[in-house]
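Data from input_23.cif: mmCIF, C-alpha atoms (C1' of nucleotides)
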```
data_data
loop_
_atom_site.label_atom_id
_atom_site.label_comp_id
_atom_site.auth_asym_id
_atom_site.auth_seq_id
_atom_site.Cartn_x
_atom_site.Cartn_y
_atom_site.Cartn_z
CA MET A 249 0.00 0.00 0.00
CA ASN A 250 1.32 3.40 -1.02
CA VAL A 251 0.30 6.44 0.99
CA GLY A 252 0.84 10.14 0.53
CA ASN A 253 -0.63 13.56 1.10
CA ARG A 254 -0.69 17.03 -0.38
CA PRO A 255 -1.61 20.42 1.12
CA VAL A 256 -4.37 21.35 -1.35
CA GLY A 257 -4.90 24.64 0.42
CA ALA A 258 -1.84 25.73 -1.51
CA LEU A 259 -3.54 25.07 -4.87
CA ASP A 260 -4.82 28.14 -6.67
CA GLY A 261 -8.47 28.41 -5.71
CA GLY A 262 -8.31 25.60 -3.14
CA PHE A 263 -10.12 22.29 -3.27
CA ASP A 264 -13.31 20.70 -1.91
CA LEU A 265 -13.26 16.92 -2.35
CA GLN A 266 -16.85 16.30 -1.23
CA ALA A 267 -18.32 18.94 -3.51
CA THR A 268 -16.21 17.74 -6.43
CA LEU A 269 -17.20 14.08 -6.13
CA GLU A 270 -20.86 14.42 -5.18
CA CYS A 271 -22.07 17.22 -7.44
CA GLY A 272 -23.30 14.91 -10.19
CA GLN A 273 -20.48 15.32 -12.70
CA SER A 274 -18.72 11.99 -12.05
CA TYR A 275 -20.32 8.67 -11.15
CA LEU A 276 -17.05 6.75 -10.90
CA TRP A 277 -16.20 7.30 -7.23
CA ARG A 278 -17.74 5.58 -4.23
CA ARG A 279 -17.94 6.86 -0.70
CA ALA A 280 -16.35 4.41 1.71
CA ASP A 281 -19.25 4.65 4.16
CA GLY A 282 -21.65 3.59 1.39
CA HIS A 283 -23.74 6.75 1.75
CA MET A 284 -22.96 8.68 -1.40
CA TYR A 285 -25.02 11.88 -1.74
CA GLU A 286 -26.18 11.76 1.86
CA GLU A 287 -25.09 14.20 4.53
CA PRO A 288 -21.27 14.17 4.76
CA ASN A 289 -19.52 13.64 8.07
CA ALA A 290 -19.75 17.01 9.81
CA ALA A 291 -16.22 16.63 11.14
CA GLY A 292 -14.89 15.90 7.65
CA GLY A 293 -12.60 12.99 6.86
CA ASP A 294 -15.03 11.03 4.65
CA ALA A 295 -13.16 8.79 2.21
CA TRP A 296 -13.98 8.05 -1.43
CA TYR A 297 -12.36 5.55 -3.74
CA HIS A 298 -11.98 5.04 -7.45
CA VAL A 299 -10.52 2.25 -9.53
CA ALA A 300 -8.55 3.61 -12.47
CA LEU A 301 -7.97 1.44 -15.50
CA PRO A 302 -4.45 0.47 -16.58
CA SER A 303 -2.77 3.24 -18.48
CA THR A 304 0.34 3.47 -20.56
CA ALA A 305 0.85 6.91 -19.04
CA THR A 306 1.45 5.45 -15.60
CA GLU A 307 2.90 2.18 -16.94
CA THR A 308 0.54 0.01 -14.93
CA ASP A 309 -0.92 -3.22 -16.26
CA GLU A 310 -3.74 -3.67 -13.81
CA PRO A 311 -6.38 -1.34 -12.38
CA GLU A 312 -5.16 1.12 -9.78
CA VAL A 313 -7.18 1.59 -6.60
CA ILE A 314 -7.08 5.08 -5.15
CA ARG A 315 -8.65 6.02 -1.81
CA LEU A 316 -8.87 9.70 -0.92
CA ARG A 317 -9.85 11.78 2.05
CA GLN A 318 -9.63 15.45 2.86
CA VAL A 319 -8.92 16.74 6.34
CA ASP A 320 -9.08 20.51 6.33
CA GLU A 321 -6.53 21.63 3.74
CA LEU A 322 -4.75 18.28 3.51
CA LEU A 323 -5.62 15.73 0.82
CA GLU A 324 -4.53 12.24 1.87
CA TRP A 325 -4.45 9.09 -0.24
CA GLU A 326 -3.78 5.40 -0.15
CA ALA A 327 -3.22 3.60 -3.44
CA SER A 328 -2.37 0.19 -4.85
CA THR A 329 0.45 1.60 -6.97
CA PRO A 330 3.12 4.25 -6.36
CA ASN A 331 3.02 7.81 -7.64
CA ALA A 332 -0.75 8.09 -7.38
CA TYR A 333 -0.69 11.87 -7.22
CA ALA A 334 -0.23 12.25 -10.97
CA ARG A 335 -3.40 10.24 -11.53
CA ILE A 336 -5.32 12.13 -8.84
CA GLU A 337 -4.25 15.47 -10.26
CA GLU A 338 -5.45 14.43 -13.71
CA LEU A 339 -8.78 12.99 -12.56
CA LEU A 340 -9.71 15.92 -10.33
CA ARG A 341 -8.24 18.74 -12.40
CA LEU A 342 -5.97 19.84 -9.56
CA ASP A 343 -3.89 21.48 -12.27
CA ASP A 344 -6.65 24.03 -12.98
CA ASP A 345 -6.00 27.55 -11.73
CA LEU A 346 -9.41 27.82 -10.15
CA GLU A 347 -8.74 31.28 -8.82
CA ALA A 348 -8.07 32.59 -12.32
CA ILE A 349 -11.10 30.77 -13.71
CA LEU A 350 -13.38 32.31 -11.10
CA ALA A 351 -11.84 35.72 -11.66
CA ALA A 352 -12.58 35.41 -15.39
CA THR A 353 -16.25 34.69 -14.74
CA PRO A 354 -18.69 37.52 -15.47
CA ASP A 355 -20.32 39.38 -12.59
CA ASP A 356 -23.66 37.71 -12.03
CA PRO A 357 -25.58 37.27 -8.78
CA LEU A 358 -26.58 33.63 -9.33
CA ILE A 359 -23.11 32.51 -10.41
CA GLU A 360 -21.43 34.36 -7.55
CA ARG A 361 -23.80 32.86 -5.01
CA ALA A 362 -23.04 29.37 -6.34
CA TYR A 363 -19.29 30.00 -6.37
CA GLU A 364 -19.39 31.09 -2.75
CA ALA A 365 -21.45 28.08 -1.68
CA TYR A 366 -19.13 25.49 -3.25
CA ARG A 367 -15.75 27.16 -3.22
CA GLY A 368 -13.10 24.60 -4.16
CA LEU A 369 -15.37 22.50 -6.37
CA ARG A 370 -13.40 21.43 -9.45
CA LEU A 371 -14.49 19.84 -12.69
CA VAL A 372 -13.28 16.29 -13.27
CA ARG A 373 -11.48 14.47 -16.09
CA ASP A 374 -13.34 11.18 -16.17
CA PRO A 375 -12.09 8.48 -18.56
CA PRO A 376 -13.99 8.99 -21.86
CA PHE A 377 -15.79 5.66 -22.25
CA ALA A 378 -16.93 5.53 -18.63
CA SER A 379 -18.12 9.13 -18.86
CA LEU A 380 -20.01 8.36 -22.05
CA VAL A 381 -21.82 5.40 -20.50
CA SER A 382 -22.54 7.35 -17.30
CA PHE A 383 -24.32 10.11 -19.18
CA ILE A 384 -26.17 7.78 -21.54
CA CYS A 385 -27.57 6.33 -18.31
CA SER A 386 -28.40 9.79 -16.96
CA ALA A 387 -31.45 10.30 -19.19
CA GLN A 388 -34.53 10.97 -17.04
CA MET A 389 -32.69 9.77 -13.94
CA ARG A 390 -31.87 11.08 -10.51
CA VAL A 391 -28.23 11.48 -9.54
CA GLY A 392 -28.34 8.71 -6.94
CA ARG A 393 -29.69 6.17 -9.40
CA ILE A 394 -27.23 7.11 -12.14
CA HIS A 395 -24.51 6.33 -9.63
CA GLU A 396 -26.15 3.01 -8.70
CA MET A 397 -26.19 2.00 -12.35
CA GLN A 398 -22.46 2.66 -12.77
CA VAL A 399 -21.74 0.69 -9.60
CA SER A 400 -23.82 -2.20 -10.95
CA LEU A 401 -21.99 -2.15 -14.27
CA ALA A 402 -18.62 -2.23 -12.50
CA GLU A 403 -19.69 -5.01 -10.14
CA ARG A 404 -21.02 -7.14 -12.98
CA TYR A 405 -18.54 -6.48 -15.80
CA GLY A 406 -15.53 -4.70 -14.35
CA GLU A 407 -12.06 -6.13 -13.88
CA SER A 408 -11.35 -6.96 -10.25
CA VAL A 409 -8.31 -5.91 -8.29
CA ALA A 410 -7.28 -6.73 -4.72
CA PHE A 411 -6.32 -3.91 -2.41
CA ASP A 412 -6.00 -3.67 1.36
CA GLY A 413 -7.70 -7.02 1.88
CA GLU A 414 -10.75 -6.19 -0.26
CA THR A 415 -11.75 -6.79 -3.85
CA TYR A 416 -12.49 -3.72 -5.95
CA ARG A 417 -13.80 -3.47 -9.49
CA ALA A 418 -12.92 -1.02 -12.22
CA PHE A 419 -15.51 0.43 -14.56
CA PRO A 420 -15.71 -2.06 -17.45
CA THR A 421 -13.81 -1.46 -20.66
CA ALA A 422 -15.85 -1.27 -23.86
CA GLU A 423 -14.68 -4.78 -24.72
CA ARG A 424 -15.97 -6.22 -21.46
CA LEU A 425 -19.23 -4.27 -21.60
CA ALA A 426 -19.82 -5.26 -25.22
CA ALA A 427 -20.21 -8.83 -24.00
CA ALA A 428 -23.44 -7.82 -22.25
CA SER A 429 -26.76 -8.29 -24.03
CA GLU A 430 -29.64 -5.84 -23.85
CA ALA A 431 -31.44 -8.28 -21.54
CA ASP A 432 -28.39 -8.47 -19.27
CA LEU A 433 -28.35 -4.71 -18.95
CA ARG A 434 -32.08 -4.47 -18.35
CA GLU A 435 -31.56 -6.82 -15.43
CA LEU A 436 -29.33 -4.12 -13.96
CA SER A 437 -32.31 -1.74 -14.11
CA LEU A 438 -30.98 0.37 -16.95
CA GLY A 439 -34.44 0.35 -18.52
CA TYR A 440 -34.66 1.76 -22.03
CA ARG A 441 -31.01 2.87 -21.79
CA ALA A 442 -29.91 -0.77 -21.97
CA PRO A 443 -29.84 -1.02 -25.80
CA TYR A 444 -28.13 2.39 -25.99
CA VAL A 445 -25.31 1.24 -23.72
CA GLU A 446 -25.08 -2.11 -25.45
CA ARG A 447 -24.81 -0.64 -28.94
CA THR A 448 -22.44 2.15 -27.90
CA ALA A 449 -20.14 -0.35 -26.17
CA GLU A 450 -20.10 -2.42 -29.36
CA MET A 451 -19.23 0.61 -31.48
CA VAL A 452 -16.26 1.39 -29.25
CA ALA A 453 -15.16 -2.24 -28.88
CA ASP A 454 -15.32 -2.77 -32.64
CA GLY A 455 -13.14 0.28 -33.23
CA GLU A 456 -15.89 2.04 -35.17
CA ALA A 457 -15.47 5.14 -33.02
CA HIS A 458 -14.01 6.21 -29.69
CA PRO A 459 -15.26 9.11 -27.54
CA GLY A 460 -11.67 10.23 -26.91
CA GLU A 461 -11.45 11.24 -30.57
CA ALA A 462 -13.59 14.28 -29.79
CA ARG A 463 -10.93 15.72 -27.48
CA ASP A 464 -8.96 17.39 -30.23
CA LEU A 465 -11.86 18.63 -32.35
CA ALA A 466 -13.24 22.16 -32.19
CA TYR A 467 -16.05 22.37 -29.62
CA GLU A 468 -19.14 22.23 -31.81
CA ALA A 469 -17.62 19.64 -34.15
CA ALA A 470 -16.68 17.59 -31.10
CA ARG A 471 -20.26 17.68 -29.85
CA GLU A 472 -21.57 16.61 -33.25
CA SER A 473 -19.03 13.80 -33.37
CA LEU A 474 -20.16 12.33 -30.04
CA THR A 475 -23.79 12.16 -31.17
CA ARG A 476 -22.77 9.24 -33.42
CA PHE A 477 -23.04 7.02 -30.37
CA VAL A 478 -26.44 5.51 -29.64
CA GLY A 479 -28.27 7.26 -26.83
CA VAL A 480 -26.16 10.38 -27.20
CA GLY A 481 -27.85 13.62 -28.15
CA ARG A 482 -26.45 17.10 -27.70
CA LYS A 483 -27.00 17.28 -23.95
CA VAL A 484 -25.20 14.03 -23.17
CA ALA A 485 -22.46 14.97 -25.64
CA ASP A 486 -21.96 18.26 -23.79
CA CYS A 487 -21.60 16.40 -20.49
CA VAL A 488 -18.87 14.14 -21.89
CA LEU A 489 -17.09 17.12 -23.44
CA LEU A 490 -17.13 18.97 -20.13
CA PHE A 491 -16.58 16.21 -17.57
CA SER A 492 -14.13 14.09 -19.55
CA LEU A 493 -12.63 15.76 -22.59
CA GLY A 494 -11.67 19.19 -21.26
CA HIS A 495 -14.00 21.30 -23.40
CA LEU A 496 -14.62 23.70 -20.52
CA GLN A 497 -16.89 25.98 -22.55
CA ALA A 498 -19.55 23.25 -22.83
CA VAL A 499 -22.82 24.04 -21.03
CA PRO A 500 -25.10 20.99 -20.99
CA LEU A 501 -28.70 22.21 -21.32
CA ASP A 502 -30.36 19.96 -18.78
CA THR A 503 -33.64 20.58 -16.99
CA TRP A 504 -31.94 22.59 -14.22
CA ILE A 505 -30.08 24.89 -16.56
CA ARG A 506 -33.16 25.31 -18.75
CA THR A 507 -35.08 26.40 -15.65
CA ALA A 508 -32.24 28.76 -14.75
CA ILE A 509 -32.43 30.27 -18.23
CA GLU A 510 -36.20 30.74 -17.91
CA GLU A 511 -35.96 32.38 -14.52
CA HIS A 512 -32.66 34.23 -14.62
CA TYR A 513 -31.55 34.61 -18.26
CA PRO A 514 -34.73 34.75 -20.36
CA ASP A 515 -32.95 36.77 -23.04
CA CYS A 516 -30.80 33.68 -23.72
CA GLU A 517 -33.87 31.62 -24.70
CA ARG A 518 -33.76 30.52 -28.33
CA ASP A 519 -35.94 28.06 -30.22
CA ASN A 520 -33.30 25.34 -30.45
CA TYR A 521 -30.48 23.74 -28.46
CA GLU A 522 -27.70 25.03 -30.70
CA GLU A 523 -28.61 28.71 -30.42
CA THR A 524 -29.60 28.64 -26.76
CA SER A 525 -26.30 26.93 -26.05
CA ARG A 526 -24.37 29.70 -27.78
CA ALA A 527 -26.25 32.41 -25.91
CA ILE A 528 -25.83 30.93 -22.43
CA ARG A 529 -22.18 30.05 -23.06
CA GLU A 530 -21.56 33.68 -23.91
CA ARG A 531 -23.47 34.82 -20.80
CA PHE A 532 -21.40 32.46 -18.66
CA GLY A 533 -18.14 33.91 -19.92
CA GLY A 534 -17.22 31.71 -22.89
CA GLU A 535 -13.98 29.85 -22.30
CA TYR A 536 -14.87 28.53 -18.81
CA ALA A 537 -18.66 28.63 -19.12
CA GLY A 538 -18.85 24.98 -18.11
CA TYR A 539 -17.38 25.79 -14.70
CA ALA A 540 -20.16 28.31 -14.10
CA GLN A 541 -22.71 25.75 -15.34
CA THR A 542 -21.55 23.14 -12.85
CA TYR A 543 -21.65 25.51 -9.89
CA VAL A 544 -25.09 26.82 -10.87
CA PHE A 545 -26.40 23.29 -11.47
CA ASN A 546 -25.19 22.24 -8.03
CA TRP A 547 -26.64 25.31 -6.35
CA LEU A 548 -30.05 24.90 -7.94
CA ARG A 549 -30.17 21.14 -7.35
CA ASN A 550 -29.43 21.60 -3.63
CA ASN A 551 -31.29 24.84 -3.01
CA GLY A 552 -33.87 25.15 -5.77
"C1'" DT B 203 -52.35 0.97 0.36
"C1'" DA B 204 -52.84 2.56 -4.30
"C1'" DT B 205 -51.86 5.83 -7.87
"C1'" DC B 206 -49.38 9.40 -9.84
"C1'" DC B 207 -45.37 11.85 -11.14
"C1'" DA B 208 -40.90 13.31 -12.51
"C1'" DA B 209 -36.06 12.24 -12.81
"C1'" DG B 210 -29.07 15.86 -15.78
"C1'" DG B 211 -33.13 12.95 -22.81
"C1'" DT B 212 -32.99 10.40 -27.10
"C1'" DA B 213 -34.75 7.89 -31.09
"C1'" DA B 214 -38.16 7.04 -34.24
"C1'" DG B 215 -42.17 8.26 -36.56
"C1'" DT B 216 -45.23 12.14 -38.52
"C1'" DT B 217 -46.21 16.39 -40.76
"C1'" DA C 89 -36.45 20.51 -40.52
"C1'" DA C 90 -39.84 21.05 -36.81
"C1'" DC C 91 -42.99 18.56 -33.86
"C1'" DT C 92 -44.91 14.33 -31.14
"C1'" DT C 93 -44.62 10.40 -28.69
"C1'" DA C 94 -42.86 6.25 -26.49
"C1'" DC C 95 -39.59 4.60 -23.47
"C1'" DC C 96 -37.79 1.47 -18.21
"C1'" DT C 97 -37.53 2.01 -13.48
"C1'" DT C 98 -38.03 3.82 -8.99
"C1'" DG C 99 -38.55 6.79 -4.85
"C1'" DG C 100 -41.28 10.25 -3.03
"C1'" DA C 101 -45.62 12.84 -3.05
"C1'" DT C 102 -50.51 12.78 -2.98
"C1'" DA C 103 -55.11 10.85 -2.26
#
```
Could you rewrite the structure in this file as structure tokens?
Amino acid sequence: MNVGNRPVGALDGGFDLQATLECGQSYLWRRADGHMYEEPNAAGGDAWYHVALPSTATETDEPEVIRLRQVDELLEWEASTPNAYARIEELLRLDDDLEAILAATPDDPLIERAYEAYRGLRLVRDPPFASLVSFICSAQMRVGRIHEMQVSLAERYGESVAFDGETYRAFPTAERLAAASEADLRELSLGYRAPYVERTAEMVADGEAHPGEARDLAYEAARESLTRFVGVGRKVADCVLLFSLGHLQAVPLDTWIRTAIEEHYPDCERDNYEETSRAIRERFGGEYAGYAQTYVFNWLRNNG
DNA sequence: TATCCAAGGTAAGTT
DNA sequence: AACTTACCTTGGATA
């Protein structure tokens, strides 16, 4: 077992682990106490874990288990492989200059209120395929159940890895998930999303397309590219662009943001997704509009 | 206890 | 190209 820690208070803009992992942008972490999305420990010190897939970048050949906790300004970890910090930094965007991003955000009462409430919340860099499946599953679903679905998929199809006397499972690769039938996935309560996940996993496993290919495209072309996958419209595509592929200007137009537009930014209303998206991205400051979106989403979901 | 409703939408069928 | 409608499942609200 490899352990380490880092004073995240020294990061530009700070860090809030609980807000980052439970704000509905990533469904690939589990709270150690089994009570994801419930009231966090008032004294702090809750732990979350994630199983990262093997990566040539870190030269590992089996999944890497990472367990994290935050005590005040100290981020502490235990991992199954050495040098976990590089992976943690990538996954949780600890390399973002959050202070500069917030400073570049336009003056706006709703955005400022949300920024104050969740100071230290960072976007994530989820692995592309897992992010894609997560948000295909998100259609007409509550955050807690989206998370349950991803846990079920990992339990049923993910590669297992032993760590600290327990068995953990990674999110399944496309190849492993492609082995599932629609009926198999319906048994995991995916409902009508089951054939979407099945067919998308096959597309990726067959090499027909990979969500990571959208990383280097221009934003709107990247969004269009992702809609090739089954079950992926513009909203889901925007989520993958923002929470996995680093297109920080993406503003997914979900029910919460649509309500926010109605009530707070009615002049951004257009008669289609494309144009409304452009208008609200501009209102949210362009380059980092997705950061504002995520804070506002979180504020409305918890306080609206 | 039973029924209704909405949840981070998308695909397929109609005009 | 715009507009409707069906779609699984479930927890919480309402009667």
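As for CA of Ala332 (chain A) and CA of Tyr416 (chain A), they are spaced 16.7 Å apart.
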Within 10 Å of DT205 (chain B) using all atoms listed in the file, minus same-chain residues under 2 positions, as a PyMOL selection string: (chain B and resi 203+207) or (chain C and resi 102-103)
Kindly provide, as a PDB file with C-alpha atoms, in the coordinates of the input, the residues of chain A having any atom no farther than 10 Å from an atom of chain C, counting only C-alpha atoms (C1' of nucleotides).
```pdb
ATOM      1  CA  MET A 389     -32.690   9.770 -13.940  1.00  0.00           C
ATOM      2  CA  ARG A 390     -31.870  11.080 -10.510  1.00  0.00           C
ATOM      3  CA  ARG A 393     -29.690   6.170  -9.400  1.00  0.00           C
ATOM      4  CA  ARG A 434     -32.080  -4.470 -18.350  1.00  0.00           C
ATOM      5  CA  SER A 437     -32.310  -1.740 -14.110  1.00  0.00           C
ATOM      6  CA  LEU A 438     -30.980   0.370 -16.950  1.00  0.00           C
ATOM      7  CA  GLY A 439     -34.440   0.350 -18.520  1.00  0.00           C
ATOM      8  CA  TYR A 440     -34.660   1.760 -22.030  1.00  0.00           C
ATOM      9  CA  ARG A 441     -31.010   2.870 -21.790  1.00  0.00           C
ATOM     10  CA  ALA A 442     -29.910  -0.770 -21.970  1.00  0.00           C
TER      11      ALA A 442
END
```
Atomic distance CA of Val488 (chain A) - CA of Phe383 (chain A), expressed in Å with one decimal: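 Spanning CA of Val488 (chain A) to CA of Phe383 (chain A) is a straight-line distance of 7.3 Å.
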Apply the PyMOL selection byres ((chain B) within 7 of (chain A)) to the structure shown and report the selected residues as a list in words. DA209, DG210, DG211 and DT212 of chain B
Residues matched by the PyMOL selection byres ((chain A and resi 267) around 9) as number ranges by chain: A: 263-266, 268-271, 366-370, 546
Within 7 Å of Ala422 (chain A), counting only C-alpha atoms (C1' of nucleotides), which residues qualify if same-chain residues fewer than 4 places away don't, as a PDB file with C-alpha atoms, in the coordinates of the input?
```pdb
ATOM      1  CA  ALA A 426     -19.820  -5.260 -25.220  1.00  0.00           C
ATOM      2  CA  ALA A 449     -20.140  -0.350 -26.170  1.00  0.00           C
ATOM      3  CA  VAL A 452     -16.260   1.390 -29.250  1.00  0.00           C
ATOM      4  CA  ALA A 453     -15.160  -2.240 -28.880  1.00  0.00           C
TER       5      ALA A 453
END
```
Using only C-alpha atoms (C1' of nucleotides), determine which residues lie at most 10 Å from Val319 (chain A), disregarding the query and same-chain residues fewer than 6 positions distant; provide the list as an MDAnalysis selection string. chainID A and resid 255 265 291:295
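CA of Glu310 (chain A) lies 21.6 Å from CA of Ala280 (chain A).
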Under the PyMOL selection byres ((chain A and resi 260-262) around 7), which residues of this model are included? Write them out as a PDB file with C-alpha atoms, keeping the file's coordinate frame.
```pdb
ATOM      1  CA  VAL A 256      -4.370  21.350  -1.350  1.00  0.00           C
ATOM      2  CA  GLY A 257      -4.900  24.640   0.420  1.00  0.00           C
ATOM      3  CA  ALA A 258      -1.840  25.730  -1.510  1.00  0.00           C
ATOM      4  CA  LEU A 259      -3.540  25.070  -4.870  1.00  0.00           C
ATOM      5  CA  PHE A 263     -10.120  22.290  -3.270  1.00  0.00           C
ATOM      6  CA  ASP A 345      -6.000  27.550 -11.730  1.00  0.00           C
ATOM      7  CA  LEU A 346      -9.410  27.820 -10.150  1.00  0.00           C
ATOM      8  CA  GLU A 347      -8.740  31.280  -8.820  1.00  0.00           C
ATOM      9  CA  GLY A 368     -13.100  24.600  -4.160  1.00  0.00           C
TER      10      GLY A 368
END
```
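Among the candidates A:Arg404, A:Thr475, A:Asp486, A:Ala527, the residue lying nearest to DA213 (chain B) is A:Thr475 (atoms considered: only C-alpha atoms (C1' of nucleotides)).
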Give me, as number ranges by chain, all polymer residues having an atom no more than 12 Å from Arg506 (chain A), counting only C-alpha atoms (C1' of nucleotides) and skipping those fewer than 3 positions away in the same chain. A: 483, 499-503, 509-514, 516-518, 520-521, 524-525, 528, 541, 544-545, 548; B: 210
The centre and edge lengths of an axis-aligned box containing all atoms of region 534-545 of chain A present in the file, extended by 3 Å on each side, are to be given in Å to one decimal, as JSON.
```
{"center_x": -20.2, "center_y": 27.4, "center_z": -16.4, "size_x": 18.4, "size_y": 14.6, "size_z": 19.0}
```
